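Student: Starting off with a structure, shown below.
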Amino acid sequence: MRDAMEKAWSELVATARRSVTDGLVVGTSGNVSVRVGDLVLVTPTGVPYDRLGPVDAVAVDLDGRQVSGRLRPTSELPMHLAVYRGTDARAVVHTHAVHATAVSTLVDELPSIHYMAAAMGGRIRVAGYALYGTDELAERVLEALRDRSACLLRNHGTVAYGDTLDQAYDRTAQLEWMCRVWLTARSVPGLTPALLSDAQMDEAAGRLRGYGQPGRRRPGGSAP
């Protein structure tokens, strides 16, 4: 168990640092978590990711009780735990990505600009605004994630989950890309973006279930 926790923490820190490098978060905004058995490793609150080391690992149980670490867990802990309790998530990534946050202020659902939304369950919903770190926000996120593996947060950012940190991160990056595509397309004067129909989205969903190499398929990752 100790080896598994150490490995998971190392992967979590690498994912958090990647979110900064890729421009999905600024400073200490956003947070990452991964489940190991009945425990959840989470990024600590207010600590730059490049300063995190092996001794900084923070772990809580599914009720939010801290069982390991000297640093306080992320302020968004209620949201992460709600996702683990309400879905089959094994990893969760939350960011303040620019294009996704912009879209969250404009619509209640990301228009079907690209078929990769089907890999996340369908059209991406926007969770209603609530103060960060609250149970109210956690409840709204969980509702927006119903039958989905990613959502937007009104005036806030993104949440995506997966079987692994890589999958959760890939979904996050894909969501940000789709938001950027939609914003770019709708900015052209006099033209309206073409959107996919429900039938086209369903067709794409069926095709995506067979995408990739046998035994290594990760719908919600890189697009074909």
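By order of appearance in the structure tokens: chains A, B, ..., then residues from 1 within every chain, and ligands from 1 in the order shown.
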Within 12 Å of Trp9 of chain A, counting only C-alpha atoms, which residues show up once you throw out same-chain ones fewer than 6 positions away? Write them as a PDB file with N, CA, C and O atoms, in the first residue's frame, please.
Tutor:
```pdb
ATOM      1  N   ARG A   2       1.956   1.217   0.773  1.00  0.00           N
ATOM      2  CA  ARG A   2       2.840   2.377   0.846  1.00  0.00           C
ATOM      3  C   ARG A   2       3.447   2.678  -0.517  1.00  0.00           C
ATOM      4  O   ARG A   2       3.520   3.842  -0.932  1.00  0.00           O
ATOM      5  N   ASP A   3       3.892   1.629  -1.217  1.00  0.00           N
ATOM      6  CA  ASP A   3       4.480   1.815  -2.538  1.00  0.00           C
ATOM      7  C   ASP A   3       3.456   2.398  -3.501  1.00  0.00           C
ATOM      8  O   ASP A   3       3.776   3.266  -4.320  1.00  0.00           O
ATOM      9  N   THR A  15       1.142  15.492 -12.768  1.00  0.00           N
ATOM     10  CA  THR A  15      -0.054  15.967 -13.464  1.00  0.00           C
ATOM     11  C   THR A  15      -0.350  17.416 -13.114  1.00  0.00           C
ATOM     12  O   THR A  15      -0.682  18.235 -13.980  1.00  0.00           O
ATOM     13  N   ALA A  16      -0.222  17.754 -11.834  1.00  0.00           N
ATOM     14  CA  ALA A  16      -0.458  19.133 -11.401  1.00  0.00           C
ATOM     15  C   ALA A  16       0.529  20.088 -12.061  1.00  0.00           C
ATOM     16  O   ALA A  16       0.150  21.176 -12.526  1.00  0.00           O
ATOM     17  N   VAL A  32      -5.801  18.627  -8.157  1.00  0.00           N
ATOM     18  CA  VAL A  32      -5.762  17.271  -8.714  1.00  0.00           C
ATOM     19  C   VAL A  32      -5.887  16.272  -7.573  1.00  0.00           C
ATOM     20  O   VAL A  32      -5.386  16.509  -6.466  1.00  0.00           O
ATOM     21  N   SER A  33      -6.553  15.151  -7.839  1.00  0.00           N
ATOM     22  CA  SER A  33      -6.644  14.092  -6.834  1.00  0.00           C
ATOM     23  C   SER A  33      -6.633  12.733  -7.511  1.00  0.00           C
ATOM     24  O   SER A  33      -6.936  12.611  -8.704  1.00  0.00           O
ATOM     25  N   VAL A  34      -6.285  11.713  -6.743  1.00  0.00           N
ATOM     26  CA  VAL A  34      -6.297  10.340  -7.247  1.00  0.00           C
ATOM     27  C   VAL A  34      -6.664   9.412  -6.097  1.00  0.00           C
ATOM     28  O   VAL A  34      -6.249   9.612  -4.952  1.00  0.00           O
ATOM     29  N   ARG A  35      -7.476   8.421  -6.412  1.00  0.00           N
ATOM     30  CA  ARG A  35      -7.932   7.484  -5.386  1.00  0.00           C
ATOM     31  C   ARG A  35      -7.033   6.250  -5.345  1.00  0.00           C
ATOM     32  O   ARG A  35      -6.701   5.663  -6.381  1.00  0.00           O
ATOM     33  N   VAL A  36      -6.647   5.858  -4.136  1.00  0.00           N
ATOM     34  CA  VAL A  36      -5.868   4.641  -3.915  1.00  0.00           C
ATOM     35  C   VAL A  36      -6.593   3.837  -2.845  1.00  0.00           C
ATOM     36  O   VAL A  36      -6.556   4.198  -1.663  1.00  0.00           O
ATOM     37  N   LEU A  39      -8.638   5.585   0.094  1.00  0.00           N
ATOM     38  CA  LEU A  39      -8.045   6.885   0.390  1.00  0.00           C
ATOM     39  C   LEU A  39      -7.940   7.722  -0.876  1.00  0.00           C
ATOM     40  O   LEU A  39      -7.901   7.192  -1.987  1.00  0.00           O
ATOM     41  N   VAL A  40      -7.885   9.033  -0.682  1.00  0.00           N
ATOM     42  CA  VAL A  40      -7.757   9.965  -1.801  1.00  0.00           C
ATOM     43  C   VAL A  40      -6.564  10.876  -1.543  1.00  0.00           C
ATOM     44  O   VAL A  40      -6.505  11.563  -0.512  1.00  0.00           O
ATOM     45  N   LEU A  41      -5.623  10.868  -2.458  1.00  0.00           N
ATOM     46  CA  LEU A  41      -4.501  11.795  -2.414  1.00  0.00           C
ATOM     47  C   LEU A  41      -4.917  13.069  -3.133  1.00  0.00           C
ATOM     48  O   LEU A  41      -5.495  13.013  -4.228  1.00  0.00           O
ATOM     49  N   VAL A  42      -4.630  14.233  -2.545  1.00  0.00           N
ATOM     50  CA  VAL A  42      -5.035  15.511  -3.136  1.00  0.00           C
ATOM     51  C   VAL A  42      -3.896  16.521  -3.043  1.00  0.00           C
ATOM     52  O   VAL A  42      -3.057  16.446  -2.141  1.00  0.00           O
ATOM     53  N   THR A  43      -3.905  17.460  -3.957  1.00  0.00           N
ATOM     54  CA  THR A  43      -2.952  18.565  -3.857  1.00  0.00           C
ATOM     55  C   THR A  43      -3.308  19.418  -2.641  1.00  0.00           C
ATOM     56  O   THR A  43      -4.483  19.609  -2.336  1.00  0.00           O
ATOM     57  N   PRO A  44      -2.317  19.952  -1.950  1.00  0.00           N
ATOM     58  CA  PRO A  44      -2.582  20.813  -0.795  1.00  0.00           C
ATOM     59  C   PRO A  44      -2.994  22.202  -1.242  1.00  0.00           C
ATOM     60  O   PRO A  44      -2.733  22.617  -2.375  1.00  0.00           O
ATOM     61  N   LEU A  52       6.265  20.947  -4.415  1.00  0.00           N
ATOM     62  CA  LEU A  52       5.798  19.718  -3.777  1.00  0.00           C
ATOM     63  C   LEU A  52       6.809  18.594  -3.942  1.00  0.00           C
ATOM     64  O   LEU A  52       7.354  18.379  -5.023  1.00  0.00           O
ATOM     65  N   GLY A  53       7.047  17.870  -2.840  1.00  0.00           N
ATOM     66  CA  GLY A  53       7.938  16.721  -2.864  1.00  0.00           C
ATOM     67  C   GLY A  53       7.289  15.527  -2.206  1.00  0.00           C
ATOM     68  O   GLY A  53       6.136  15.590  -1.756  1.00  0.00           O
ATOM     69  N   PRO A  54       7.996  14.416  -2.088  1.00  0.00           N
ATOM     70  CA  PRO A  54       7.445  13.194  -1.499  1.00  0.00           C
ATOM     71  C   PRO A  54       6.921  13.382  -0.074  1.00  0.00           C
ATOM     72  O   PRO A  54       5.939  12.748   0.316  1.00  0.00           O
ATOM     73  N   VAL A  55       7.548  14.266   0.702  1.00  0.00           N
ATOM     74  CA  VAL A  55       7.135  14.443   2.101  1.00  0.00           C
ATOM     75  C   VAL A  55       5.866  15.287   2.224  1.00  0.00           C
ATOM     76  O   VAL A  55       5.320  15.432   3.317  1.00  0.00           O
ATOM     77  N   ASP A  56       5.401  15.841   1.108  1.00  0.00           N
ATOM     78  CA  ASP A  56       4.241  16.732   1.144  1.00  0.00           C
ATOM     79  C   ASP A  56       2.929  16.025   0.809  1.00  0.00           C
ATOM     80  O   ASP A  56       1.891  16.678   0.682  1.00  0.00           O
ATOM     81  N   ALA A  57       2.964  14.718   0.675  1.00  0.00           N
ATOM     82  CA  ALA A  57       1.765  13.963   0.303  1.00  0.00           C
ATOM     83  C   ALA A  57       0.641  14.198   1.313  1.00  0.00           C
ATOM     84  O   ALA A  57       0.851  14.166   2.530  1.00  0.00           O
ATOM     85  N   VAL A  58      -0.558  14.438   0.775  1.00  0.00           N
ATOM     86  CA  VAL A  58      -1.746  14.668   1.598  1.00  0.00           C
ATOM     87  C   VAL A  58      -2.792  13.629   1.222  1.00  0.00           C
ATOM     88  O   VAL A  58      -3.127  13.470   0.046  1.00  0.00           O
ATOM     89  N   ALA A  59      -3.319  12.924   2.217  1.00  0.00           N
ATOM     90  CA  ALA A  59      -4.323  11.897   1.966  1.00  0.00           C
ATOM     91  C   ALA A  59      -5.492  12.056   2.922  1.00  0.00           C
ATOM     92  O   ALA A  59      -5.308  12.395   4.093  1.00  0.00           O
ATOM     93  N   SER A  68      -3.163  11.550   6.421  1.00  0.00           N
ATOM     94  CA  SER A  68      -1.727  11.619   6.166  1.00  0.00           C
ATOM     95  C   SER A  68      -1.366  13.008   5.661  1.00  0.00           C
ATOM     96  O   SER A  68      -2.139  13.634   4.926  1.00  0.00           O
ATOM     97  N   GLY A  69      -0.182  13.482   6.079  1.00  0.00           N
ATOM     98  CA  GLY A  69       0.326  14.747   5.574  1.00  0.00           C
ATOM     99  C   GLY A  69       0.235  15.873   6.589  1.00  0.00           C
ATOM    100  O   GLY A  69      -0.668  15.905   7.423  1.00  0.00           O
ATOM    101  N   ALA A  91      -9.604   9.208 -10.609  1.00  0.00           N
ATOM    102  CA  ALA A  91      -8.763  10.407 -10.623  1.00  0.00           C
ATOM    103  C   ALA A  91      -9.618  11.584 -11.061  1.00  0.00           C
ATOM    104  O   ALA A  91     -10.521  11.434 -11.890  1.00  0.00           O
ATOM    105  N   LEU A 165      -5.070   9.175 -13.857  1.00  0.00           N
ATOM    106  CA  LEU A 165      -4.750  10.595 -13.939  1.00  0.00           C
ATOM    107  C   LEU A 165      -4.552  11.022 -15.390  1.00  0.00           C
ATOM    108  O   LEU A 165      -4.978  12.102 -15.786  1.00  0.00           O
TER     109      LEU A 165
END
```
Student: Which residues come within 10 Å of segment 109-114 of chain A, counting only C-alpha atoms, excluding same-chain residues fewer than 2 positions away, as a PyMOL selection string?
Tutor: chain A and resi 100+103-104+106-107+116-118+122-127+144+151-152+175+177-179+181-183+185+193-198+200-201+204
Student: Write a file of the selected residues as a compact mmCIF listing (two decimals), in the first residue's frame, keeping N, CA and C atoms.
Tutor:
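New file result_2.txt:
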```
# COMPACT_ATOMS: atom_id res chain seq x y z
N ALA A 100 -12.33 27.40 -21.56
CA ALA A 100 -13.44 26.70 -20.91
C ALA A 100 -14.15 27.62 -19.92
N VAL A 103 -16.31 30.04 -21.87
CA VAL A 103 -17.53 29.40 -22.36
C VAL A 103 -18.54 29.24 -21.23
N SER A 104 -18.06 28.96 -20.03
CA SER A 104 -18.97 28.75 -18.89
C SER A 104 -19.79 29.97 -18.56
N LEU A 106 -21.08 31.92 -20.93
CA LEU A 106 -21.91 32.24 -22.09
C LEU A 106 -23.10 31.32 -22.31
N VAL A 107 -22.95 30.05 -21.95
CA VAL A 107 -23.98 29.06 -22.27
C VAL A 107 -24.23 28.14 -21.08
N MET A 116 -15.77 14.73 -30.14
CA MET A 116 -15.09 14.19 -28.97
C MET A 116 -15.88 14.39 -27.68
N ALA A 117 -16.89 15.27 -27.73
CA ALA A 117 -17.77 15.39 -26.56
C ALA A 117 -18.45 14.06 -26.28
N ALA A 118 -18.67 13.28 -27.33
CA ALA A 118 -19.33 11.98 -27.16
C ALA A 118 -18.49 11.04 -26.30
N GLY A 122 -21.44 12.90 -23.92
CA GLY A 122 -22.38 13.74 -24.65
C GLY A 122 -22.09 15.21 -24.45
N ARG A 123 -23.07 16.04 -24.79
CA ARG A 123 -22.88 17.49 -24.66
C ARG A 123 -22.46 17.87 -23.24
N ILE A 124 -21.47 18.72 -23.15
CA ILE A 124 -20.88 19.08 -21.87
C ILE A 124 -21.74 20.14 -21.18
N ARG A 125 -22.21 19.83 -19.98
CA ARG A 125 -23.06 20.76 -19.23
C ARG A 125 -22.22 21.77 -18.44
N VAL A 126 -22.88 22.86 -18.06
CA VAL A 126 -22.27 23.86 -17.19
C VAL A 126 -22.94 23.80 -15.82
N ALA A 127 -22.17 23.49 -14.80
CA ALA A 127 -22.70 23.46 -13.43
C ALA A 127 -22.99 24.88 -12.99
N ALA A 144 -24.15 18.10 -12.87
CA ALA A 144 -23.67 18.35 -14.24
C ALA A 144 -22.91 17.16 -14.80
N CYS A 151 -17.32 18.35 -17.03
CA CYS A 151 -18.29 19.45 -17.08
C CYS A 151 -17.55 20.77 -16.92
N LEU A 152 -18.27 21.85 -17.20
CA LEU A 152 -17.78 23.20 -16.95
C LEU A 152 -18.40 23.70 -15.66
N LEU A 175 -11.45 19.03 -23.47
CA LEU A 175 -12.55 19.96 -23.21
C LEU A 175 -12.11 21.40 -23.46
N TRP A 177 -9.81 22.37 -25.47
CA TRP A 177 -9.65 22.52 -26.91
C TRP A 177 -11.00 22.73 -27.60
N MET A 178 -12.00 21.96 -27.21
CA MET A 178 -13.33 22.12 -27.81
C MET A 178 -13.91 23.50 -27.53
N CYS A 179 -13.70 23.98 -26.32
CA CYS A 179 -14.18 25.32 -25.98
C CYS A 179 -13.47 26.37 -26.82
N VAL A 181 -12.22 25.91 -29.83
CA VAL A 181 -12.74 25.78 -31.19
C VAL A 181 -14.07 26.52 -31.32
N TRP A 182 -14.97 26.29 -30.35
CA TRP A 182 -16.29 26.93 -30.44
C TRP A 182 -16.17 28.46 -30.35
N LEU A 183 -15.37 28.96 -29.43
CA LEU A 183 -15.20 30.40 -29.31
C LEU A 183 -14.60 30.99 -30.59
N ALA A 185 -14.81 29.73 -33.68
CA ALA A 185 -15.78 29.65 -34.78
C ALA A 185 -16.87 30.71 -34.65
N PRO A 193 -21.44 28.76 -36.43
CA PRO A 193 -20.81 27.44 -36.48
C PRO A 193 -21.82 26.33 -36.76
N ALA A 194 -21.44 25.39 -37.60
CA ALA A 194 -22.25 24.19 -37.81
C ALA A 194 -22.08 23.29 -36.59
N LEU A 195 -23.19 22.73 -36.10
CA LEU A 195 -23.15 21.87 -34.92
C LEU A 195 -23.59 20.46 -35.29
N LEU A 196 -23.16 19.49 -34.51
CA LEU A 196 -23.53 18.10 -34.75
C LEU A 196 -24.90 17.81 -34.17
N SER A 197 -25.66 16.98 -34.85
CA SER A 197 -26.99 16.58 -34.38
C SER A 197 -26.85 15.48 -33.32
N ASP A 198 -27.96 15.17 -32.65
CA ASP A 198 -27.96 14.08 -31.67
C ASP A 198 -27.57 12.77 -32.33
N GLN A 200 -25.72 12.32 -35.01
CA GLN A 200 -24.29 12.32 -35.32
C GLN A 200 -23.44 12.11 -34.08
N MET A 201 -23.87 12.68 -32.96
CA MET A 201 -23.14 12.47 -31.71
C MET A 201 -23.24 11.02 -31.27
N ALA A 204 -20.94 8.93 -33.40
CA ALA A 204 -19.55 9.12 -32.98
C ALA A 204 -19.25 8.36 -31.69
```
Student: Looking only at the backbone, which of the residues in chain A does DSSP tag as strand (DSSP E or B), as a compact mmCIF listing (two decimals) with all heavy atoms, in the first residue's frame?
Tutor:
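Writing the result to selection.txt gives the following:
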```
# COMPACT_ATOMS: atom_id res chain seq x y z
N ASN A 31 -6.79 22.01 -8.99
CA ASN A 31 -6.34 20.97 -8.07
C ASN A 31 -6.52 19.59 -8.70
O ASN A 31 -7.27 19.43 -9.65
CB ASN A 31 -7.07 21.04 -6.71
CG ASN A 31 -8.42 21.71 -6.82
OD1 ASN A 31 -9.39 21.11 -7.26
ND2 ASN A 31 -8.47 22.99 -6.46
N VAL A 32 -5.80 18.63 -8.16
CA VAL A 32 -5.76 17.27 -8.71
C VAL A 32 -5.89 16.27 -7.57
O VAL A 32 -5.39 16.51 -6.47
CB VAL A 32 -4.43 17.03 -9.47
CG1 VAL A 32 -4.38 15.62 -10.04
CG2 VAL A 32 -4.24 18.06 -10.57
N SER A 33 -6.55 15.15 -7.84
CA SER A 33 -6.64 14.09 -6.83
C SER A 33 -6.63 12.73 -7.51
O SER A 33 -6.94 12.61 -8.70
CB SER A 33 -7.92 14.24 -5.98
OG SER A 33 -9.08 14.01 -6.78
N VAL A 34 -6.28 11.71 -6.74
CA VAL A 34 -6.30 10.34 -7.25
C VAL A 34 -6.66 9.41 -6.10
O VAL A 34 -6.25 9.61 -4.95
CB VAL A 34 -4.93 9.97 -7.86
CG1 VAL A 34 -3.81 10.02 -6.82
CG2 VAL A 34 -4.99 8.60 -8.52
N ARG A 35 -7.48 8.42 -6.41
CA ARG A 35 -7.93 7.48 -5.39
C ARG A 35 -7.03 6.25 -5.34
O ARG A 35 -6.70 5.66 -6.38
CB ARG A 35 -9.38 7.07 -5.66
CG ARG A 35 -9.95 6.15 -4.60
CD ARG A 35 -11.44 5.96 -4.79
NE ARG A 35 -11.98 4.99 -3.83
CZ ARG A 35 -13.27 4.71 -3.69
NH1 ARG A 35 -14.17 5.32 -4.45
NH2 ARG A 35 -13.66 3.82 -2.80
N VAL A 36 -6.65 5.86 -4.14
CA VAL A 36 -5.87 4.64 -3.91
C VAL A 36 -6.59 3.84 -2.85
O VAL A 36 -6.56 4.20 -1.66
CB VAL A 36 -4.42 4.95 -3.47
CG1 VAL A 36 -3.64 3.65 -3.29
CG2 VAL A 36 -3.73 5.86 -4.47
N LEU A 39 -8.64 5.59 0.09
CA LEU A 39 -8.05 6.88 0.39
C LEU A 39 -7.94 7.72 -0.88
O LEU A 39 -7.90 7.19 -1.99
CB LEU A 39 -6.66 6.71 1.01
CG LEU A 39 -6.59 5.97 2.35
CD1 LEU A 39 -5.15 5.89 2.83
CD2 LEU A 39 -7.47 6.65 3.40
N VAL A 40 -7.88 9.03 -0.68
CA VAL A 40 -7.76 9.97 -1.80
C VAL A 40 -6.56 10.88 -1.54
O VAL A 40 -6.50 11.56 -0.51
CB VAL A 40 -9.03 10.82 -1.97
CG1 VAL A 40 -8.83 11.85 -3.08
CG2 VAL A 40 -10.23 9.93 -2.28
N LEU A 41 -5.62 10.87 -2.46
CA LEU A 41 -4.50 11.80 -2.41
C LEU A 41 -4.92 13.07 -3.13
O LEU A 41 -5.49 13.01 -4.23
CB LEU A 41 -3.28 11.19 -3.11
CG LEU A 41 -2.59 10.04 -2.38
CD1 LEU A 41 -1.63 9.33 -3.32
CD2 LEU A 41 -1.84 10.56 -1.16
N VAL A 42 -4.63 14.23 -2.54
CA VAL A 42 -5.04 15.51 -3.14
C VAL A 42 -3.90 16.52 -3.04
O VAL A 42 -3.06 16.45 -2.14
CB VAL A 42 -6.28 16.10 -2.44
CG1 VAL A 42 -7.48 15.20 -2.62
CG2 VAL A 42 -6.01 16.35 -0.96
N PRO A 44 -2.32 19.95 -1.95
CA PRO A 44 -2.58 20.81 -0.79
C PRO A 44 -2.99 22.20 -1.24
O PRO A 44 -2.73 22.62 -2.37
CB PRO A 44 -1.24 20.83 -0.06
CG PRO A 44 -0.23 20.63 -1.13
CD PRO A 44 -0.88 19.71 -2.13
N ALA A 59 -3.32 12.92 2.22
CA ALA A 59 -4.32 11.90 1.97
C ALA A 59 -5.49 12.06 2.92
O ALA A 59 -5.31 12.39 4.09
CB ALA A 59 -3.72 10.50 2.12
N VAL A 60 -6.70 11.83 2.40
CA VAL A 60 -7.92 11.86 3.21
C VAL A 60 -8.71 10.61 2.94
O VAL A 60 -8.50 9.92 1.93
CB VAL A 60 -8.78 13.10 2.87
CG1 VAL A 60 -8.00 14.38 3.11
CG2 VAL A 60 -9.28 13.04 1.43
N ASP A 61 -9.66 10.30 3.85
CA ASP A 61 -10.57 9.20 3.55
C ASP A 61 -11.78 9.77 2.82
O ASP A 61 -11.87 10.98 2.58
CB ASP A 61 -10.96 8.43 4.82
CG ASP A 61 -11.73 9.27 5.84
OD1 ASP A 61 -12.31 10.31 5.45
OD2 ASP A 61 -11.75 8.90 7.02
N GLN A 66 -8.50 13.86 7.26
CA GLN A 66 -7.12 13.76 6.82
C GLN A 66 -6.41 12.67 7.60
O GLN A 66 -6.42 12.64 8.83
CB GLN A 66 -6.40 15.10 7.01
CG GLN A 66 -5.00 15.12 6.42
CD GLN A 66 -4.47 16.54 6.26
OE1 GLN A 66 -5.21 17.52 6.35
NE2 GLN A 66 -3.17 16.67 6.00
N VAL A 67 -5.79 11.76 6.86
CA VAL A 67 -5.13 10.62 7.49
C VAL A 67 -3.62 10.64 7.27
O VAL A 67 -2.91 9.85 7.89
CB VAL A 67 -5.70 9.29 6.95
CG1 VAL A 67 -7.19 9.17 7.26
CG2 VAL A 67 -5.47 9.15 5.44
N SER A 68 -3.16 11.55 6.42
CA SER A 68 -1.73 11.62 6.17
C SER A 68 -1.37 13.01 5.66
O SER A 68 -2.14 13.63 4.93
CB SER A 68 -1.33 10.56 5.13
OG SER A 68 0.05 10.65 4.83
N PRO A 73 -5.39 19.99 2.90
CA PRO A 73 -5.81 19.63 1.53
C PRO A 73 -6.46 20.79 0.81
O PRO A 73 -6.85 21.80 1.42
CB PRO A 73 -6.81 18.49 1.77
CG PRO A 73 -7.32 18.70 3.15
CD PRO A 73 -6.17 19.28 3.93
N ALA A 91 -9.60 9.21 -10.61
CA ALA A 91 -8.76 10.41 -10.62
C ALA A 91 -9.62 11.58 -11.06
O ALA A 91 -10.52 11.43 -11.89
CB ALA A 91 -7.58 10.23 -11.56
N VAL A 92 -9.33 12.76 -10.51
CA VAL A 92 -10.10 13.98 -10.82
C VAL A 92 -9.13 15.13 -11.06
O VAL A 92 -8.17 15.32 -10.30
CB VAL A 92 -11.05 14.35 -9.66
CG1 VAL A 92 -11.79 15.65 -9.97
CG2 VAL A 92 -12.03 13.22 -9.39
N VAL A 93 -9.39 15.89 -12.12
CA VAL A 93 -8.59 17.08 -12.42
C VAL A 93 -9.52 18.28 -12.52
O VAL A 93 -10.51 18.25 -13.25
CB VAL A 93 -7.82 16.91 -13.75
CG1 VAL A 93 -7.10 18.22 -14.12
CG2 VAL A 93 -6.81 15.77 -13.65
N HIS A 94 -9.21 19.34 -11.79
CA HIS A 94 -9.98 20.59 -11.82
C HIS A 94 -9.06 21.71 -12.24
O HIS A 94 -7.96 21.88 -11.68
CB HIS A 94 -10.55 20.88 -10.43
CG HIS A 94 -11.06 22.27 -10.26
ND1 HIS A 94 -11.94 22.87 -11.15
CD2 HIS A 94 -10.80 23.21 -9.30
CE1 HIS A 94 -12.20 24.10 -10.74
NE2 HIS A 94 -11.52 24.33 -9.62
N THR A 95 -9.46 22.48 -13.27
CA THR A 95 -8.62 23.58 -13.75
C THR A 95 -9.43 24.86 -13.90
O THR A 95 -10.66 24.85 -13.84
CB THR A 95 -7.99 23.27 -15.12
OG1 THR A 95 -8.98 23.45 -16.16
CG2 THR A 95 -7.44 21.86 -15.18
N GLU A 109 -24.61 24.90 -21.79
CA GLU A 109 -24.12 23.64 -22.32
C GLU A 109 -23.21 23.97 -23.49
O GLU A 109 -23.55 24.81 -24.32
CB GLU A 109 -25.31 22.79 -22.78
CG GLU A 109 -24.98 21.42 -23.32
CD GLU A 109 -26.24 20.68 -23.74
OE1 GLU A 109 -26.68 20.89 -24.90
OE2 GLU A 109 -26.79 19.92 -22.93
N ARG A 125 -22.21 19.83 -19.98
CA ARG A 125 -23.06 20.76 -19.23
C ARG A 125 -22.22 21.77 -18.44
O ARG A 125 -21.04 21.54 -18.16
CB ARG A 125 -23.94 19.98 -18.26
CG ARG A 125 -24.79 18.89 -18.90
CD ARG A 125 -25.69 18.24 -17.86
NE ARG A 125 -26.42 17.09 -18.41
CZ ARG A 125 -26.10 15.82 -18.18
NH1 ARG A 125 -25.09 15.54 -17.37
NH2 ARG A 125 -26.81 14.85 -18.71
N VAL A 126 -22.88 22.86 -18.06
CA VAL A 126 -22.27 23.86 -17.19
C VAL A 126 -22.94 23.80 -15.82
O VAL A 126 -24.15 24.00 -15.71
CB VAL A 126 -22.43 25.28 -17.78
CG1 VAL A 126 -21.80 26.31 -16.84
CG2 VAL A 126 -21.80 25.37 -19.16
N ALA A 127 -22.17 23.49 -14.80
CA ALA A 127 -22.70 23.46 -13.43
C ALA A 127 -22.99 24.88 -12.99
O ALA A 127 -22.18 25.79 -13.22
CB ALA A 127 -21.70 22.81 -12.48
N ALA A 150 -17.05 14.82 -17.68
CA ALA A 150 -16.47 16.17 -17.59
C ALA A 150 -17.59 17.19 -17.61
O ALA A 150 -18.68 16.94 -18.14
CB ALA A 150 -15.51 16.42 -18.75
N CYS A 151 -17.32 18.35 -17.03
CA CYS A 151 -18.29 19.45 -17.08
C CYS A 151 -17.55 20.77 -16.92
O CYS A 151 -16.36 20.81 -16.55
CB CYS A 151 -19.37 19.30 -16.01
SG CYS A 151 -18.82 19.61 -14.31
N LEU A 152 -18.27 21.85 -17.20
CA LEU A 152 -17.78 23.20 -16.95
C LEU A 152 -18.40 23.70 -15.66
O LEU A 152 -19.48 23.24 -15.26
CB LEU A 152 -18.14 24.12 -18.10
CG LEU A 152 -17.64 23.75 -19.49
CD1 LEU A 152 -18.15 24.74 -20.53
CD2 LEU A 152 -16.13 23.69 -19.52
N LEU A 153 -17.74 24.64 -15.01
CA LEU A 153 -18.25 25.28 -13.80
C LEU A 153 -18.46 26.76 -14.10
O LEU A 153 -17.53 27.44 -14.54
CB LEU A 153 -17.26 25.13 -12.64
CG LEU A 153 -17.16 23.79 -11.92
CD1 LEU A 153 -16.71 22.69 -12.86
CD2 LEU A 153 -16.18 23.91 -10.75
N GLY A 157 -14.38 27.20 -14.12
CA GLY A 157 -13.40 26.35 -14.78
C GLY A 157 -13.96 25.02 -15.23
O GLY A 157 -15.09 24.94 -15.72
N THR A 158 -13.17 23.96 -15.03
CA THR A 158 -13.54 22.63 -15.51
C THR A 158 -13.33 21.58 -14.43
O THR A 158 -12.52 21.75 -13.51
CB THR A 158 -12.67 22.20 -16.71
OG1 THR A 158 -11.32 21.96 -16.26
CG2 THR A 158 -12.65 23.27 -17.79
N VAL A 159 -14.06 20.48 -14.59
CA VAL A 159 -13.81 19.26 -13.81
C VAL A 159 -13.91 18.08 -14.76
O VAL A 159 -14.84 18.00 -15.57
CB VAL A 159 -14.84 19.07 -12.67
CG1 VAL A 159 -14.67 17.69 -12.03
CG2 VAL A 159 -14.66 20.13 -11.60
N ALA A 160 -12.95 17.18 -14.68
CA ALA A 160 -13.00 15.96 -15.47
C ALA A 160 -12.46 14.82 -14.62
O ALA A 160 -11.57 15.02 -13.78
CB ALA A 160 -12.18 16.09 -16.75
N TYR A 161 -13.01 13.63 -14.83
CA TYR A 161 -12.49 12.47 -14.10
C TYR A 161 -12.24 11.32 -15.05
O TYR A 161 -12.68 11.33 -16.21
CB TYR A 161 -13.45 12.06 -12.98
CG TYR A 161 -14.75 11.43 -13.41
CD1 TYR A 161 -14.82 10.06 -13.69
CD2 TYR A 161 -15.91 12.18 -13.52
CE1 TYR A 161 -16.02 9.47 -14.07
CE2 TYR A 161 -17.11 11.60 -13.91
CZ TYR A 161 -17.16 10.24 -14.18
OH TYR A 161 -18.34 9.66 -14.56
N GLY A 162 -11.53 10.31 -14.55
CA GLY A 162 -11.24 9.15 -15.37
C GLY A 162 -10.77 7.97 -14.55
O GLY A 162 -10.74 8.04 -13.31
```
Student: Would you please work out which residue, of A:Pro189, A:Asp202, A:Ala82, A:Met5, is nearest to Arg140 of chain A when using only C-alpha atoms?
Tutor: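 Comparing A:Pro189, A:Asp202, A:Ala82, A:Met5 against Arg140 of chain A, the winner is A:Ala82.
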Student: I'd like the interatomic distance between atom CA of Gly64 of chain A and atom CA of Leu145 of chain A, to a tenth of an Å.
Tutor: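 According to the coordinates, atom CA of Gly64 of chain A and atom CA of Leu145 of chain A are separated by 20.6 Å.
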Student: Check the smallest atom-to-atom distance from each of A:His99, A:His80, A:His156, A:Arg90 to Ala130 of chain A using only C-alpha atoms, then report the winner.
Tutor: A:His156
Student: Just to confirm, what's the straight-line distance from atom CA of Leu71 of chain A to atom CA of Thr45 of chain A in Å (one decimal)?
Tutor: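 Taking atom CA of Leu71 of chain A as the start and atom CA of Thr45 of chain A as the end point, the length is 7.7 Å.
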Student: Run DSSP on the backbone and tell me which residues of segment 46-89 of chain A come out as helix (DSSP H, G or I); list them as an MDAnalysis selection string.
Tutor: chainID A and resid 49:51 54:56 77:86
